[in-house]
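Below is upload13.cif, holding mmCIF, C-alpha atoms, pLDDT in the B column; chains and numbers go by the auth columns.
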```cif
data_target
#
loop_
_atom_site.group_PDB
_atom_site.id
_atom_site.type_symbol
_atom_site.label_atom_id
_atom_site.label_comp_id
_atom_site.label_asym_id
_atom_site.label_seq_id
_atom_site.Cartn_x
_atom_site.Cartn_y
_atom_site.Cartn_z
_atom_site.B_iso_or_equiv
_atom_site.auth_seq_id
_atom_site.auth_asym_id
ATOM 1 C CA MET A 1 80.946 2.520 206.398 87.00 1 A
ATOM 2 C CA ASP A 2 77.568 1.659 207.837 86.00 2 A
ATOM 3 C CA ARG A 3 77.700 -2.047 208.634 91.00 3 A
ATOM 4 C CA PRO A 4 73.965 -2.847 208.692 91.00 4 A
ATOM 5 C CA LEU A 5 73.515 -1.193 205.279 92.00 5 A
ATOM 6 C CA ALA A 6 76.629 -2.935 203.970 93.00 6 A
ATOM 7 C CA VAL A 7 75.235 -6.292 205.118 94.00 7 A
ATOM 8 C CA LEU A 8 71.918 -5.622 203.353 92.00 8 A
ATOM 9 C CA ALA A 9 73.765 -4.495 200.225 94.00 9 A
ATOM 10 C CA GLY A 10 75.985 -7.575 200.336 95.00 10 A
ATOM 11 C CA LEU A 11 73.061 -9.966 200.807 94.00 11 A
ATOM 12 C CA ALA A 12 71.371 -8.599 197.706 94.00 12 A
ATOM 13 C CA ALA A 13 74.456 -8.210 195.515 95.00 13 A
ATOM 14 C CA LEU A 14 74.514 -11.772 194.175 96.00 14 A
ATOM 15 C CA PRO A 15 70.782 -11.948 193.327 95.00 15 A
ATOM 16 C CA TRP A 16 70.898 -8.512 191.627 96.00 16 A
ATOM 17 C CA LEU A 17 74.022 -9.462 189.668 97.00 17 A
ATOM 18 C CA ALA A 18 72.401 -12.759 188.633 96.00 18 A
ATOM 19 C CA TYR A 19 69.337 -10.823 187.493 95.00 19 A
ATOM 20 C CA ALA A 20 71.517 -8.414 185.478 96.00 20 A
ATOM 21 C CA HIS A 21 73.355 -11.354 183.909 96.00 21 A
ATOM 22 C CA ARG A 22 70.060 -13.022 182.984 93.00 22 A
ATOM 23 C CA MET A 23 68.709 -9.803 181.432 91.00 23 A
ATOM 24 C CA TYR A 24 71.866 -9.192 179.388 92.00 24 A
ATOM 25 C CA ALA A 25 71.828 -12.821 178.228 93.00 25 A
ATOM 26 C CA ALA A 26 68.196 -12.422 177.137 89.00 26 A
ATOM 27 C CA ASN A 27 69.139 -9.238 175.317 85.00 27 A
ATOM 28 C CA ARG A 28 71.959 -10.990 173.443 87.00 28 A
ATOM 29 C CA ALA A 29 69.810 -14.021 172.639 86.00 29 A
ATOM 30 C CA GLY A 30 67.087 -11.851 171.135 74.00 30 A
ATOM 31 C CA LEU A 31 64.333 -13.352 173.289 75.00 31 A
ATOM 32 C CA PRO A 32 60.827 -12.001 172.749 69.00 32 A
ATOM 33 C CA GLU A 33 61.325 -8.306 172.321 71.00 33 A
ATOM 34 C CA ASP A 34 59.878 -5.894 174.787 67.00 34 A
ATOM 35 C CA VAL A 35 60.632 -2.524 173.217 69.00 35 A
ATOM 36 C CA THR A 36 59.219 0.831 174.275 69.00 36 A
ATOM 37 C CA ILE A 37 60.102 3.981 172.339 69.00 37 A
ATOM 38 C CA GLY A 38 62.952 2.127 170.685 71.00 38 A
ATOM 39 C CA ILE A 39 64.579 0.930 173.929 73.00 39 A
ATOM 40 C CA ASP A 40 64.913 -2.793 174.643 76.00 40 A
ATOM 41 C CA HIS A 41 63.758 -3.512 178.182 82.00 41 A
ATOM 42 C CA TYR A 42 66.229 -6.354 178.693 87.00 42 A
ATOM 43 C CA ALA A 43 69.178 -3.978 178.425 87.00 43 A
ATOM 44 C CA VAL A 44 67.535 -1.489 180.780 88.00 44 A
ATOM 45 C CA GLN A 45 66.603 -4.198 183.283 90.00 45 A
ATOM 46 C CA GLY A 46 70.183 -5.469 183.255 92.00 46 A
ATOM 47 C CA ALA A 47 71.353 -1.955 184.044 94.00 47 A
ATOM 48 C CA VAL A 48 68.849 -1.759 186.909 94.00 48 A
ATOM 49 C CA GLY A 49 70.391 -4.852 188.505 95.00 49 A
ATOM 50 C CA LEU A 50 73.912 -3.421 188.229 96.00 50 A
ATOM 51 C CA VAL A 51 72.892 0.011 189.470 96.00 51 A
ATOM 52 C CA LEU A 52 71.162 -1.441 192.522 96.00 52 A
ATOM 53 C CA VAL A 53 74.370 -3.244 193.492 96.00 53 A
ATOM 54 C CA VAL A 54 76.589 -0.194 192.967 96.00 54 A
ATOM 55 C CA LEU A 55 74.272 2.329 194.627 96.00 55 A
ATOM 56 C CA SER A 56 73.445 0.134 197.623 95.00 56 A
ATOM 57 C CA GLY A 57 77.183 -0.152 198.274 94.00 57 A
ATOM 58 C CA THR A 58 77.534 3.589 197.766 94.00 58 A
ATOM 59 C CA ALA A 59 74.794 4.298 200.304 93.00 59 A
ATOM 60 C CA ALA A 60 76.534 2.081 202.831 93.00 60 A
ATOM 61 C CA CYS A 61 79.831 3.951 202.411 92.00 61 A
ATOM 62 C CA TRP A 62 78.887 7.568 201.658 90.00 62 A
ATOM 63 C CA VAL A 63 77.478 9.284 204.739 89.00 63 A
ATOM 64 C CA ARG A 64 76.464 12.560 203.077 89.00 64 A
ATOM 65 C CA GLY A 65 74.487 10.865 200.302 88.00 65 A
ATOM 66 C CA ARG A 66 73.118 7.968 202.320 91.00 66 A
ATOM 67 C CA ARG A 67 69.566 9.192 202.755 91.00 67 A
ATOM 68 C CA PHE A 68 69.010 10.214 199.136 93.00 68 A
ATOM 69 C CA VAL A 69 70.832 7.295 197.507 94.00 69 A
ATOM 70 C CA GLY A 70 69.363 4.772 199.950 94.00 70 A
ATOM 71 C CA ALA A 71 65.840 6.057 199.354 95.00 71 A
ATOM 72 C CA GLY A 72 66.346 5.798 195.595 96.00 72 A
ATOM 73 C CA VAL A 73 67.684 2.246 195.825 96.00 73 A
ATOM 74 C CA GLY A 74 64.830 1.212 198.093 96.00 74 A
ATOM 75 C CA LEU A 75 62.157 2.767 195.887 97.00 75 A
ATOM 76 C CA VAL A 76 63.519 1.221 192.696 96.00 76 A
ATOM 77 C CA ALA A 77 63.797 -2.272 194.201 96.00 77 A
ATOM 78 C CA ALA A 78 60.358 -2.102 195.832 97.00 78 A
ATOM 79 C CA TYR A 79 58.714 -0.702 192.698 96.00 79 A
ATOM 80 C CA LEU A 80 60.345 -3.308 190.463 94.00 80 A
ATOM 81 C CA GLY A 81 59.072 -6.057 192.759 95.00 81 A
ATOM 82 C CA LEU A 82 55.588 -4.550 192.792 96.00 82 A
ATOM 83 C CA VAL A 83 55.410 -4.242 189.009 93.00 83 A
ATOM 84 C CA CYS A 84 56.596 -7.840 188.580 92.00 84 A
ATOM 85 C CA LEU A 85 53.980 -9.019 191.077 94.00 85 A
ATOM 86 C CA VAL A 86 51.122 -7.112 189.450 95.00 86 A
ATOM 87 C CA TRP A 87 52.035 -8.122 185.870 90.00 87 A
ATOM 88 C CA PRO A 88 53.332 -11.711 186.105 88.00 88 A
ATOM 89 C CA GLY A 89 54.926 -13.222 183.035 83.00 89 A
ATOM 90 C CA THR A 90 56.174 -9.898 181.709 82.00 90 A
ATOM 91 C CA PRO A 91 59.518 -10.245 179.905 81.00 91 A
ATOM 92 C CA GLY A 92 62.276 -9.410 182.374 83.00 92 A
ATOM 93 C CA GLY A 93 60.003 -9.872 185.379 86.00 93 A
ATOM 94 C CA PHE A 94 60.319 -11.929 188.554 89.00 94 A
ATOM 95 C CA GLY A 95 58.095 -14.661 189.876 91.00 95 A
ATOM 96 C CA PRO A 96 55.901 -13.947 192.902 94.00 96 A
ATOM 97 C CA VAL A 97 58.479 -15.025 195.506 95.00 97 A
ATOM 98 C CA TRP A 98 61.286 -12.874 194.077 94.00 98 A
ATOM 99 C CA SER A 99 58.835 -10.003 193.636 95.00 99 A
ATOM 100 C CA ALA A 100 57.982 -10.141 197.337 96.00 100 A
ATOM 101 C CA LEU A 101 61.671 -10.436 198.270 96.00 101 A
ATOM 102 C CA SER A 102 62.535 -7.449 196.070 96.00 102 A
ATOM 103 C CA MET A 103 59.820 -5.357 197.708 97.00 103 A
ATOM 104 C CA ALA A 104 60.859 -6.422 201.210 97.00 104 A
ATOM 105 C CA TRP A 105 64.533 -5.725 200.536 96.00 105 A
ATOM 106 C CA GLY A 106 63.748 -2.348 198.968 96.00 106 A
ATOM 107 C CA ILE A 107 61.589 -1.254 201.890 97.00 107 A
ATOM 108 C CA ALA A 108 64.153 -2.501 204.421 96.00 108 A
ATOM 109 C CA PHE A 109 67.071 -0.832 202.632 96.00 109 A
ATOM 110 C CA GLY A 110 65.324 2.503 202.139 95.00 110 A
ATOM 111 C CA THR A 111 64.084 2.584 205.725 94.00 111 A
ATOM 112 C CA LEU A 112 67.442 1.602 207.189 94.00 112 A
ATOM 113 C CA ALA A 113 69.235 4.202 205.060 93.00 113 A
ATOM 114 C CA ALA A 114 66.874 6.910 206.338 92.00 114 A
ATOM 115 C CA VAL A 115 67.250 5.824 209.957 90.00 115 A
ATOM 116 C CA ARG A 116 71.027 5.407 209.766 84.00 116 A
ATOM 117 C CA SER A 117 71.503 8.796 208.090 81.00 117 A
ATOM 118 C CA ALA A 118 69.871 10.538 211.054 70.00 118 A
ATOM 119 C CA GLY A 119 72.072 9.045 213.757 60.00 119 A
ATOM 120 C CA PRO A 120 74.920 10.610 215.708 57.00 120 A
ATOM 121 C CA GLY A 121 77.981 11.483 213.669 53.00 121 A
ATOM 122 C CA THR A 122 76.124 11.688 210.374 54.00 122 A
ATOM 123 C CA THR A 123 75.381 14.623 208.156 51.00 123 A
ATOM 124 C CA ARG A 124 71.654 15.266 208.191 48.00 124 A
ATOM 125 C CA GLY A 125 71.376 17.131 204.911 46.00 125 A
ATOM 126 C CA ALA A 126 73.017 19.249 202.262 42.00 126 A
ATOM 127 C CA SER A 127 71.278 22.418 203.454 43.00 127 A
ATOM 128 C CA ARG A 128 73.647 22.605 206.435 44.00 128 A
ATOM 129 C CA GLU A 129 76.681 21.885 204.294 39.00 129 A
ATOM 130 C CA GLY A 130 76.301 24.808 201.918 33.00 130 A
ATOM 131 C CA PHE A 131 77.004 24.882 198.219 28.00 131 A
ATOM 132 C CA ARG A 132 79.257 22.074 196.958 42.00 132 A
ATOM 133 C CA GLY A 133 79.900 20.835 200.464 40.00 133 A
ATOM 134 C CA CYS A 134 81.433 24.134 201.611 31.00 134 A
ATOM 135 C CA ARG A 135 81.473 24.721 205.319 43.00 135 A
ATOM 136 C CA PRO A 136 78.740 27.002 206.604 44.00 136 A
ATOM 137 C CA SER A 137 79.797 30.298 208.103 45.00 137 A
ATOM 138 C CA LEU A 138 80.441 30.136 211.832 48.00 138 A
ATOM 139 C CA GLY A 139 78.010 31.734 214.242 52.00 139 A
ATOM 140 C CA LYS A 140 79.216 34.077 216.970 56.00 140 A
ATOM 141 C CA SER A 141 79.367 31.375 219.636 57.00 141 A
ATOM 142 C CA GLU A 142 81.246 28.936 217.371 54.00 142 A
ATOM 143 C CA ALA A 143 83.696 31.637 216.293 50.00 143 A
ATOM 144 C CA ALA A 144 84.379 32.543 219.940 55.00 144 A
ATOM 145 C CA GLN A 145 85.029 28.886 220.800 59.00 145 A
ATOM 146 C CA ARG A 146 87.536 28.515 217.977 55.00 146 A
ATOM 147 C CA ALA A 147 89.426 31.705 218.850 54.00 147 A
#
```
Structure translated into structure tokens:
Amino acid sequence: MDRPLAVLAGLAALPWLAYAHRMYAANRAGLPEDVTIGIDHYAVQGAVGLVLVVLSGTAACWVRGRRFVGAGVGLVAAYLGLVCLVWPGTPGGFGPVWSALSMAWGIAFGTLAAVRSAGPGTTRGASREGFRGCRPSLGKSEAAQRA
């Protein structure tokens, strides 16, 4: 587990869960509808809060997926904060302070995930791992060392 990422994930877990709870409560209460192509935004926004908690924890624990998952979490959080800042008062949106905090957390998490996935003892990418995580074939020097 990557402790700095786990700390960032843990710091944001309660606010994201509170946001998800608020969105699901709004969905159940039938607050002013915000429907696009037949999908209620409150339900989707609640799912976003839950997914950010789960995937930020996943990025902290899963070395091989850290860069990709961490970048996704960071982009979603930063974009959500930006959209809420640009269109204030939108159903399911944040106020300006939480918008800025969401953007800051998203940028910090995505950046830290990228930096921490490139350090010693980490897997730098799936291209070296082969298909489905299979080990790459050994080169001549590696084969000689193992023999």
**OP:** Between atom CA of A:Leu75 and atom CA of A:Val53, measure the distance and give it in Å to one decimal.
**Re:** 13.8 Å
**OP:** Check what the PyMOL selection byres ((chain A and resi 18) around 12) selects in the file above and give those residues as a list in words.
**Re:** Ala12, Ala13, Leu14, Pro15, Trp16, Leu17, Tyr19, Ala20, His21, Arg22, Met23, Tyr24, Ala25, Gln45, Gly46, Ala47, Val48, Gly49, Leu50 and Val53 of chain A
Original post:
Which polymer residues have any atom within 12 Å of an atom of A:Cys61, counting all atoms listed in the file, with same-chain residues fewer than 3 positions away left out, as a PyMOL selection string?
Top reply: chain A and resi 1-7+9+54-58+64-67+69-70+113+116-117+122
Original post:
Distance atom CA of A:Gly81-atom CA of A:Ser102, one decimal place?
Top reply: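 The value is 5.0 Å.
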**OP:** Evaluate the PyMOL selection byres ((chain A and resi 84) around 12) here and jot the selected residues down as an MDAnalysis selection string.
**Re:** chainID A and resid 45 77:83 85:103
**OP:** Enter the distance from atom CA of A:Gly72 to atom CA of A:Leu8, in Å, rounded to one decimal.
**Re:**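 Separating atom CA of A:Gly72 from atom CA of A:Leu8 is a distance of 14.9 Å.
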Centre and edge lengths of an axis-aligned box around all listed atoms of stretch 18-28 of chain A, with 5 Å added on each side, are to be given in Å to one decimal, as AutoDock Vina command-line options.
```
--center_x 70.8 --center_y -10.7 --center_z 181.0 --size_x 15.2 --size_y 14.6 --size_z 25.2
```
Original post:
Using only C-alpha atoms, which of A:Leu112, A:Ala118, A:Ala104, A:Ala26 sits nearest A:Tyr42?
Top reply: A:Ala26
**OP:** Rank nothing, just name the residue among A:Glu33, A:Arg28, A:Gly10, A:His41 nearest to A:Ala60, using all atoms listed in the file.
**Re:** A:Gly10
Your completed stretch 2-13 of chain A with all heavy atoms, as a short mmCIF file (atom, residue, chain, number, x, y, z; two decimals), in the frame of the given file:
```cif
data_model
loop_
_atom_site.label_atom_id
_atom_site.label_comp_id
_atom_site.auth_asym_id
_atom_site.auth_seq_id
_atom_site.Cartn_x
_atom_site.Cartn_y
_atom_site.Cartn_z
N ASP A 2 78.66 2.07 206.98
CA ASP A 2 77.57 1.66 207.84
C ASP A 2 77.39 0.15 207.69
O ASP A 2 76.98 -0.33 206.63
CB ASP A 2 76.29 2.41 207.44
CG ASP A 2 75.17 2.13 208.40
OD1 ASP A 2 75.16 2.75 209.47
OD2 ASP A 2 74.32 1.29 208.08
N ARG A 3 77.70 -0.59 208.74
CA ARG A 3 77.70 -2.05 208.63
C ARG A 3 76.33 -2.66 208.35
O ARG A 3 76.23 -3.55 207.51
CB ARG A 3 78.31 -2.66 209.89
CG ARG A 3 79.79 -2.46 209.90
CD ARG A 3 80.43 -3.13 211.07
NE ARG A 3 81.82 -2.70 211.10
CZ ARG A 3 82.77 -3.38 211.64
NH1 ARG A 3 82.51 -4.52 212.23
NH2 ARG A 3 84.01 -2.94 211.62
N PRO A 4 75.26 -2.24 209.03
CA PRO A 4 73.96 -2.85 208.69
C PRO A 4 73.57 -2.63 207.22
O PRO A 4 73.06 -3.55 206.57
CB PRO A 4 72.98 -2.15 209.64
CG PRO A 4 73.82 -1.74 210.81
CD PRO A 4 75.16 -1.39 210.22
N LEU A 5 73.82 -1.44 206.69
CA LEU A 5 73.52 -1.19 205.28
C LEU A 5 74.43 -2.01 204.38
O LEU A 5 73.99 -2.53 203.34
CB LEU A 5 73.66 0.29 204.95
CG LEU A 5 72.44 1.16 205.19
CD1 LEU A 5 72.77 2.61 204.89
CD2 LEU A 5 71.25 0.71 204.40
N ALA A 6 75.69 -2.14 204.77
CA ALA A 6 76.63 -2.94 203.97
C ALA A 6 76.21 -4.41 203.94
O ALA A 6 76.33 -5.07 202.91
CB ALA A 6 78.05 -2.79 204.52
N VAL A 7 75.71 -4.90 205.07
CA VAL A 7 75.24 -6.29 205.12
C VAL A 7 74.04 -6.47 204.19
O VAL A 7 73.98 -7.43 203.42
CB VAL A 7 74.89 -6.71 206.57
CG1 VAL A 7 74.11 -8.01 206.61
CG2 VAL A 7 76.16 -6.83 207.39
N LEU A 8 73.08 -5.54 204.25
CA LEU A 8 71.92 -5.62 203.35
C LEU A 8 72.34 -5.53 201.89
O LEU A 8 71.83 -6.26 201.04
CB LEU A 8 70.93 -4.50 203.66
CG LEU A 8 69.79 -4.80 204.60
CD1 LEU A 8 68.87 -3.60 204.76
CD2 LEU A 8 69.01 -6.02 204.19
N ALA A 9 73.27 -4.63 201.60
CA ALA A 9 73.76 -4.50 200.22
C ALA A 9 74.46 -5.78 199.79
O ALA A 9 74.26 -6.26 198.67
CB ALA A 9 74.72 -3.30 200.12
N GLY A 10 75.27 -6.35 200.67
CA GLY A 10 75.98 -7.58 200.34
C GLY A 10 75.06 -8.77 200.13
O GLY A 10 75.28 -9.59 199.24
N LEU A 11 74.02 -8.86 200.95
CA LEU A 11 73.06 -9.97 200.81
C LEU A 11 72.35 -9.92 199.46
O LEU A 11 72.02 -10.96 198.90
CB LEU A 11 72.02 -9.92 201.93
CG LEU A 11 72.49 -10.34 203.31
CD1 LEU A 11 71.39 -10.10 204.34
CD2 LEU A 11 72.89 -11.81 203.31
N ALA A 12 72.12 -8.73 198.96
CA ALA A 12 71.37 -8.60 197.71
C ALA A 12 72.27 -8.54 196.48
O ALA A 12 71.77 -8.64 195.36
CB ALA A 12 70.50 -7.36 197.76
N ALA A 13 73.57 -8.39 196.67
CA ALA A 13 74.46 -8.21 195.52
C ALA A 13 74.40 -9.40 194.55
O ALA A 13 74.26 -9.21 193.34
CB ALA A 13 75.89 -7.97 195.98
#
```
